[in-house]
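Below is one structure, written out as C-alpha cells, with a few remarks after it.
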Amino acid sequence: MTENAASLGQFDFAGDDHVVPFQVEGLDVRGRAVQLGPMLDAILERHSYPAPVARLLAEAIVLTVLIGTSLKFEGKFTVQTKGDGPVDLLVADFSTPENVRAYARFDEEALEKAIKAGETEPEQLLGKGVLAFTIDQGRYSQPYQGIVELDGTSLEDIAGVYFRQSEQIPTRVRLGAAELFDRDEAGKPRHRWRAGGLIAQFLPDAPERMRQRDLHGGDGDNGLSDHVEDDSWSEARTMVETIDADELTDPQVGTERLLYRLFHERGVRVYESQAVYDRCSCSRDKLKGVLTGFSAEEIEASQEDGEISVTCEFCSTTYKFGVEEVTEA
C-alpha cells in the first residue's frame, strides 16, 4: 500500500473542514473531496447573507478549497465571478497551506425580485459575465489567470470547462450546499450551513488515453468529436454524476463513506486529509500601508472627526486610524 494511504476503516474519518485526497487505481482517477461545516458557517454568518446568496458563495468556497489545496507551492488561488445578475460579484481565495476567505456582493432590490420570481438557481443569480481562476505565486512570478464565460450553466459545469481549456485533463466537479435547521446539544433550535464537493480527474500513464468530448465548436457542430471517450473515464464520470446533492452535505455520510459508496468496487484509496480554516489575510499594518499612499485630498475625504475607519470586506473587521497615523511627514 502506498505510504500515507489507507483503506476505509483503517483510520479516523477526516470530518468537516478537511479535504480528503483520493485515488482509484482501477480507473486511473485521482481527486479530492470535502465537506465544509463550522468554517463555512462562520464565513456566511458573519455577513448575514440571504439564503440564495449564501448557497451560491458556499459553492464557490468549496470549489476554491478543492482546487487550492492541490497547489504544491506557496501562493494564493482565487475564484472570482463578475456578472450582470443580482449577485454581481463572488470572491473566494485560498492562501496556502490552509487559509480561506470569501465574500459576495449583491443588489438587494434585484435579488428580492429574483426571489419573488423563483429565479434563484446559481446561473440565474450570476447572470452573464466571467468566472476567473487566478494563481498567484508571489511577487517573484507573474500571476496566471484562466477566464471562463458565465454562460447560464452551473458553477460545477463552468469549472469543468476551465479544466478542459486550461489543463486539458478530463475532469468532473460536483458541488452542493445546504441550509440545515436542527437542535444543538442543549436542545435549542439551531441554524447552520454545510457544503460539500468532489473533483475527479482522469490521469492515466498513457497521455493518448486522455480523450474527451470537444467543446462546442460553432455552427453546425453538435459539440462531439470523432474521439471516443476512454472506458475507464466514462465509468468514473458516470459514477461521479450519480452523486445526489444531499450526499455532498449530509453529516451522517462523511467524505470517506461517500468515496466508498462511489468507488469501492474499483478499490478507492484515501490519503491524509488537509484541514482548512476561516482566516483572513487583512491586518492593521497592511491597511495602514495602503492609506499612507493616499493623497492629502483622499485622506481629507476619507476622514471623519479626525479618524479614518476601514472595514475588511472579507472578515468584517473594522480598523480605525488617526489622520496623523497615515499622513506622510
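Every chain in the C-alpha cells has a letter given in the order shown (A, B, ...), and although residue numbers restart at 1 in each chain, ligands are simply numbered from 1 in the order shown.
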
Among segment 81-128 of chain A, which residues does DSSP mark as strand (DSSP E) when it is run on the backbone? Keep the chain and numbering as in the structure and answer as a short mmCIF file (atom, residue, chain, number, x, y, z; two decimals) with N, CA and C atoms, in the first residue's frame.
```cif
data_model
loop_
_atom_site.label_atom_id
_atom_site.label_comp_id
_atom_site.auth_asym_id
_atom_site.auth_seq_id
_atom_site.Cartn_x
_atom_site.Cartn_y
_atom_site.Cartn_z
N THR A 81 -16.16 35.74 -9.65
CA THR A 81 -17.14 35.93 -10.71
C THR A 81 -17.49 37.41 -10.83
N LYS A 82 -17.77 37.83 -12.06
CA LYS A 82 -18.32 39.15 -12.32
C LYS A 82 -19.42 38.97 -13.35
N GLY A 83 -20.64 39.31 -12.95
CA GLY A 83 -21.76 39.10 -13.85
C GLY A 83 -22.78 40.20 -13.76
N LEU A 89 -20.93 39.89 -7.89
CA LEU A 89 -19.53 39.58 -7.57
C LEU A 89 -19.45 38.52 -6.49
N LEU A 90 -18.66 37.49 -6.76
CA LEU A 90 -18.27 36.49 -5.75
C LEU A 90 -16.75 36.45 -5.73
N VAL A 91 -16.17 36.39 -4.54
CA VAL A 91 -14.72 36.23 -4.42
C VAL A 91 -14.45 35.21 -3.31
N ALA A 92 -13.66 34.21 -3.64
CA ALA A 92 -13.20 33.25 -2.63
C ALA A 92 -11.74 32.98 -2.91
N ASP A 93 -10.89 33.08 -1.89
CA ASP A 93 -9.48 32.76 -2.13
C ASP A 93 -8.91 31.85 -1.05
N PHE A 94 -7.93 31.09 -1.50
CA PHE A 94 -7.25 30.12 -0.65
C PHE A 94 -5.78 30.47 -0.62
N SER A 95 -5.25 30.75 0.58
CA SER A 95 -3.82 31.02 0.74
C SER A 95 -3.17 29.79 1.34
N ASN A 99 -5.59 28.56 4.53
CA ASN A 99 -6.46 29.68 4.91
C ASN A 99 -7.45 30.06 3.81
N VAL A 100 -8.69 30.26 4.22
CA VAL A 100 -9.78 30.54 3.30
C VAL A 100 -10.50 31.82 3.72
N ARG A 101 -10.90 32.63 2.73
CA ARG A 101 -11.76 33.77 2.99
C ARG A 101 -12.64 33.99 1.77
N ALA A 102 -13.77 34.67 1.96
CA ALA A 102 -14.70 34.84 0.84
C ALA A 102 -15.73 35.91 1.17
N TYR A 103 -16.27 36.52 0.11
CA TYR A 103 -17.41 37.41 0.29
C TYR A 103 -18.18 37.52 -1.01
N ALA A 104 -19.43 38.01 -0.89
CA ALA A 104 -20.30 38.20 -2.05
C ALA A 104 -20.86 39.61 -2.04
N ARG A 105 -21.09 40.13 -3.24
CA ARG A 105 -21.74 41.44 -3.37
C ARG A 105 -23.00 41.26 -4.21
#
```

**Report entry** Gln274 of chain A environment, 9 Å, only C-alpha atoms, sequence neighbours closer than 5 positions dropped, as a ChimeraX atom specification
**Finding:** /A:14,17-21,69,97-98

How about saving the chosen residues, all heavy atoms kept, as a PDB file, in the first residue's frame?
```pdb
ATOM      1  N   ALA A  14     -11.953  11.951   8.455  1.00  0.00           N
ATOM      2  CA  ALA A  14     -11.439  13.321   8.445  1.00  0.00           C
ATOM      3  C   ALA A  14     -12.406  14.294   9.096  1.00  0.00           C
ATOM      4  O   ALA A  14     -12.007  15.207   9.814  1.00  0.00           O
ATOM      5  CB  ALA A  14     -11.160  13.752   7.005  1.00  0.00           C
ATOM      6  N   ASP A  17     -14.436  20.206   7.293  1.00  0.00           N
ATOM      7  CA  ASP A  17     -13.369  21.191   7.068  1.00  0.00           C
ATOM      8  C   ASP A  17     -12.008  20.528   6.855  1.00  0.00           C
ATOM      9  O   ASP A  17     -10.970  21.084   7.212  1.00  0.00           O
ATOM     10  CB  ASP A  17     -13.303  22.193   8.232  1.00  0.00           C
ATOM     11  CG  ASP A  17     -14.626  22.887   8.477  1.00  0.00           C
ATOM     12  OD1 ASP A  17     -15.439  22.965   7.533  1.00  0.00           O
ATOM     13  OD2 ASP A  17     -14.868  23.354   9.605  1.00  0.00           O
ATOM     14  N   HIS A  18     -12.037  19.343   6.256  1.00  0.00           N
ATOM     15  CA  HIS A  18     -10.814  18.623   5.902  1.00  0.00           C
ATOM     16  C   HIS A  18     -10.960  18.090   4.480  1.00  0.00           C
ATOM     17  O   HIS A  18     -11.918  17.375   4.172  1.00  0.00           O
ATOM     18  CB  HIS A  18     -10.547  17.446   6.845  1.00  0.00           C
ATOM     19  CG  HIS A  18     -10.031  17.840   8.187  1.00  0.00           C
ATOM     20  ND1 HIS A  18     -10.819  18.438   9.138  1.00  0.00           N
ATOM     21  CD2 HIS A  18      -8.782  17.727   8.727  1.00  0.00           C
ATOM     22  CE1 HIS A  18     -10.091  18.667  10.223  1.00  0.00           C
ATOM     23  NE2 HIS A  18      -8.858  18.253   9.993  1.00  0.00           N
ATOM     24  N   VAL A  19     -10.020  18.434   3.630  1.00  0.00           N
ATOM     25  CA  VAL A  19     -10.031  17.952   2.246  1.00  0.00           C
ATOM     26  C   VAL A  19      -9.363  16.583   2.204  1.00  0.00           C
ATOM     27  O   VAL A  19      -8.260  16.400   2.739  1.00  0.00           O
ATOM     28  CB  VAL A  19      -9.294  18.930   1.319  1.00  0.00           C
ATOM     29  CG1 VAL A  19      -9.271  18.396  -0.107  1.00  0.00           C
ATOM     30  CG2 VAL A  19      -9.963  20.305   1.365  1.00  0.00           C
ATOM     31  N   VAL A  20     -10.022  15.633   1.562  1.00  0.00           N
ATOM     32  CA  VAL A  20      -9.527  14.256   1.500  1.00  0.00           C
ATOM     33  C   VAL A  20      -9.091  13.919   0.074  1.00  0.00           C
ATOM     34  O   VAL A  20      -9.927  13.800  -0.832  1.00  0.00           O
ATOM     35  CB  VAL A  20     -10.613  13.262   1.952  1.00  0.00           C
ATOM     36  CG1 VAL A  20     -10.099  11.818   1.839  1.00  0.00           C
ATOM     37  CG2 VAL A  20     -11.063  13.563   3.377  1.00  0.00           C
ATOM     38  N   PRO A  21      -7.785  13.779  -0.175  1.00  0.00           N
ATOM     39  CA  PRO A  21      -7.329  13.317  -1.492  1.00  0.00           C
ATOM     40  C   PRO A  21      -7.657  11.836  -1.653  1.00  0.00           C
ATOM     41  O   PRO A  21      -7.648  11.075  -0.675  1.00  0.00           O
ATOM     42  CB  PRO A  21      -5.815  13.540  -1.450  1.00  0.00           C
ATOM     43  CG  PRO A  21      -5.583  14.449  -0.278  1.00  0.00           C
ATOM     44  CD  PRO A  21      -6.659  14.122   0.699  1.00  0.00           C
ATOM     45  N   THR A  69      -6.202  23.465  -2.502  1.00  0.00           N
ATOM     46  CA  THR A  69      -5.411  22.504  -1.721  1.00  0.00           C
ATOM     47  C   THR A  69      -4.542  21.616  -2.591  1.00  0.00           C
ATOM     48  O   THR A  69      -3.738  20.842  -2.074  1.00  0.00           O
ATOM     49  CB  THR A  69      -6.335  21.621  -0.857  1.00  0.00           C
ATOM     50  OG1 THR A  69      -7.392  21.085  -1.665  1.00  0.00           O
ATOM     51  CG2 THR A  69      -6.931  22.414   0.300  1.00  0.00           C
ATOM     52  N   PRO A  97      -0.902  27.268   3.359  1.00  0.00           N
ATOM     53  CA  PRO A  97      -1.385  25.918   3.059  1.00  0.00           C
ATOM     54  C   PRO A  97      -2.825  25.639   3.474  1.00  0.00           C
ATOM     55  O   PRO A  97      -3.341  24.564   3.179  1.00  0.00           O
ATOM     56  CB  PRO A  97      -0.442  25.054   3.906  1.00  0.00           C
ATOM     57  CG  PRO A  97      -0.205  25.886   5.132  1.00  0.00           C
ATOM     58  CD  PRO A  97      -0.160  27.327   4.644  1.00  0.00           C
ATOM     59  N   GLU A  98      -3.553  26.629   4.111  1.00  0.00           N
ATOM     60  CA  GLU A  98      -4.812  26.232   4.730  1.00  0.00           C
ATOM     61  C   GLU A  98      -5.838  27.331   4.964  1.00  0.00           C
ATOM     62  O   GLU A  98      -6.889  27.079   5.551  1.00  0.00           O
ATOM     63  CB  GLU A  98      -4.492  25.591   6.099  1.00  0.00           C
ATOM     64  CG  GLU A  98      -3.747  26.532   7.037  1.00  0.00           C
ATOM     65  CD  GLU A  98      -3.141  25.828   8.246  1.00  0.00           C
ATOM     66  OE1 GLU A  98      -3.094  24.580   8.236  1.00  0.00           O
ATOM     67  OE2 GLU A  98      -2.722  26.530   9.183  1.00  0.00           O
TER      68      GLU A  98
END
```

Requested in this report: Give the alpha helix (DSSP H) residues of segment 173-294 of chain A, as DSSP finds them on the backbone, and put them as a PyMOL selection string.
Outcome: chain A and resi 231-241+245-249+255-263+284-291

Please save N, CA, C and O atoms of the selected residues as a compact mmCIF listing (two decimals), in the first residue's frame.
```
# COMPACT_ATOMS: atom_id res chain seq x y z
N ASP A 231 -12.95 4.19 -21.77
CA ASP A 231 -13.94 3.47 -20.99
C ASP A 231 -13.79 3.72 -19.49
O ASP A 231 -14.79 3.83 -18.76
N SER A 232 -12.54 3.78 -19.02
CA SER A 232 -12.31 3.98 -17.58
C SER A 232 -12.85 5.34 -17.13
O SER A 232 -13.50 5.46 -16.10
N TRP A 233 -12.54 6.37 -17.92
CA TRP A 233 -13.03 7.71 -17.55
C TRP A 233 -14.55 7.80 -17.69
O TRP A 233 -15.23 8.42 -16.87
N SER A 234 -15.09 7.16 -18.70
CA SER A 234 -16.54 7.15 -18.87
C SER A 234 -17.22 6.53 -17.65
O SER A 234 -18.23 7.04 -17.14
N GLU A 235 -16.64 5.44 -17.15
CA GLU A 235 -17.19 4.77 -15.97
C GLU A 235 -17.08 5.67 -14.74
O GLU A 235 -18.03 5.83 -13.97
N ALA A 236 -15.90 6.28 -14.55
CA ALA A 236 -15.68 7.14 -13.39
C ALA A 236 -16.60 8.35 -13.43
O ALA A 236 -17.21 8.73 -12.41
N ARG A 237 -16.70 8.97 -14.59
CA ARG A 237 -17.54 10.16 -14.73
C ARG A 237 -19.01 9.82 -14.44
O ARG A 237 -19.71 10.58 -13.76
N THR A 238 -19.44 8.68 -14.92
CA THR A 238 -20.82 8.26 -14.67
C THR A 238 -21.07 8.06 -13.19
O THR A 238 -22.12 8.44 -12.66
N MET A 239 -20.10 7.46 -12.50
CA MET A 239 -20.23 7.26 -11.05
C MET A 239 -20.35 8.59 -10.32
O MET A 239 -21.20 8.77 -9.44
N VAL A 240 -19.48 9.54 -10.68
CA VAL A 240 -19.50 10.85 -10.02
C VAL A 240 -20.83 11.55 -10.26
O VAL A 240 -21.36 12.22 -9.37
N GLU A 241 -21.38 11.39 -11.44
CA GLU A 241 -22.63 12.06 -11.77
C GLU A 241 -23.83 11.46 -11.04
O GLU A 241 -24.90 12.07 -11.02
N ALA A 245 -27.13 15.58 -4.46
CA ALA A 245 -26.67 16.79 -3.79
C ALA A 245 -26.69 16.65 -2.28
O ALA A 245 -25.81 17.17 -1.58
N ASP A 246 -27.65 15.93 -1.75
CA ASP A 246 -27.74 15.74 -0.30
C ASP A 246 -26.56 14.94 0.25
O ASP A 246 -26.15 15.14 1.39
N GLU A 247 -26.03 14.04 -0.56
CA GLU A 247 -24.90 13.23 -0.11
C GLU A 247 -23.65 14.09 0.12
O GLU A 247 -22.83 13.77 0.98
N LEU A 248 -23.52 15.15 -0.64
CA LEU A 248 -22.35 16.01 -0.51
C LEU A 248 -22.34 16.79 0.80
O LEU A 248 -21.28 17.22 1.26
N THR A 249 -23.50 16.98 1.39
CA THR A 249 -23.59 17.81 2.59
C THR A 249 -24.05 17.06 3.83
O THR A 249 -23.99 17.61 4.93
N THR A 255 -17.11 12.24 4.13
CA THR A 255 -16.37 12.21 2.86
C THR A 255 -15.91 10.81 2.49
O THR A 255 -16.08 10.35 1.37
N GLU A 256 -15.31 10.12 3.45
CA GLU A 256 -14.77 8.79 3.14
C GLU A 256 -15.89 7.80 2.78
O GLU A 256 -15.72 6.97 1.88
N ARG A 257 -17.00 7.90 3.48
CA ARG A 257 -18.11 6.99 3.18
C ARG A 257 -18.67 7.26 1.78
O ARG A 257 -19.05 6.32 1.07
N LEU A 258 -18.73 8.52 1.40
CA LEU A 258 -19.20 8.85 0.07
C LEU A 258 -18.26 8.26 -0.98
O LEU A 258 -18.71 7.68 -1.99
N LEU A 259 -16.95 8.41 -0.77
CA LEU A 259 -15.99 7.85 -1.72
C LEU A 259 -16.10 6.33 -1.79
O LEU A 259 -15.98 5.74 -2.87
N TYR A 260 -16.35 5.71 -0.66
CA TYR A 260 -16.50 4.26 -0.64
C TYR A 260 -17.74 3.83 -1.42
O TYR A 260 -17.70 2.87 -2.20
N ARG A 261 -18.84 4.55 -1.22
CA ARG A 261 -20.06 4.23 -1.96
C ARG A 261 -19.84 4.32 -3.47
O ARG A 261 -20.34 3.50 -4.23
N LEU A 262 -19.08 5.30 -3.88
CA LEU A 262 -18.87 5.52 -5.30
C LEU A 262 -17.94 4.49 -5.93
O LEU A 262 -18.21 3.96 -7.01
N PHE A 263 -16.82 4.23 -5.26
CA PHE A 263 -15.71 3.55 -5.94
C PHE A 263 -15.25 2.25 -5.28
O PHE A 263 -14.21 1.72 -5.68
N ARG A 284 -3.84 45.34 10.32
CA ARG A 284 -3.75 46.79 10.51
C ARG A 284 -2.57 47.37 9.73
O ARG A 284 -2.68 48.42 9.10
N ASP A 285 -1.44 46.68 9.76
CA ASP A 285 -0.25 47.18 9.07
C ASP A 285 -0.47 47.26 7.55
O ASP A 285 -0.04 48.22 6.90
N LYS A 286 -1.12 46.24 6.97
CA LYS A 286 -1.38 46.26 5.53
C LYS A 286 -2.26 47.43 5.14
O LYS A 286 -2.00 48.14 4.17
N LEU A 287 -3.33 47.64 5.91
CA LEU A 287 -4.25 48.73 5.58
C LEU A 287 -3.61 50.09 5.81
O LEU A 287 -3.84 51.04 5.05
N LYS A 288 -2.77 50.18 6.84
CA LYS A 288 -2.06 51.44 7.07
C LYS A 288 -1.15 51.75 5.89
O LYS A 288 -1.03 52.91 5.46
N GLY A 289 -0.50 50.72 5.35
CA GLY A 289 0.36 50.91 4.20
C GLY A 289 -0.40 51.43 3.00
O GLY A 289 0.10 52.26 2.23
N VAL A 290 -1.65 50.95 2.82
CA VAL A 290 -2.48 51.44 1.71
C VAL A 290 -2.86 52.90 1.94
O VAL A 290 -2.77 53.74 1.03
N LEU A 291 -3.26 53.22 3.16
CA LEU A 291 -3.71 54.59 3.46
C LEU A 291 -2.59 55.61 3.34
O LEU A 291 -2.81 56.75 2.95
```

Report task. Pick out the closest residue to Leu175 of chain A from this set: A:Gln303, A:Thr327, A:Thr64, A:Gln252. Count only C-alpha atoms. Result -> A:Thr64

Report task. Can you work out which one of A:Gly152, A:Ala177, A:Phe106, A:Lys116 has the shortest atom-to-atom distance to His47 of chain A, counting only C-alpha atoms? Result ->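 Comparing A:Gly152, A:Ala177, A:Phe106, A:Lys116 against His47 of chain A, the winner is A:Phe106.
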
Query raised in the report: Any idea what the distance is between atom CA of Val148 of chain A and atom CA of Val161 of chain A?
Result: 7.3 Å
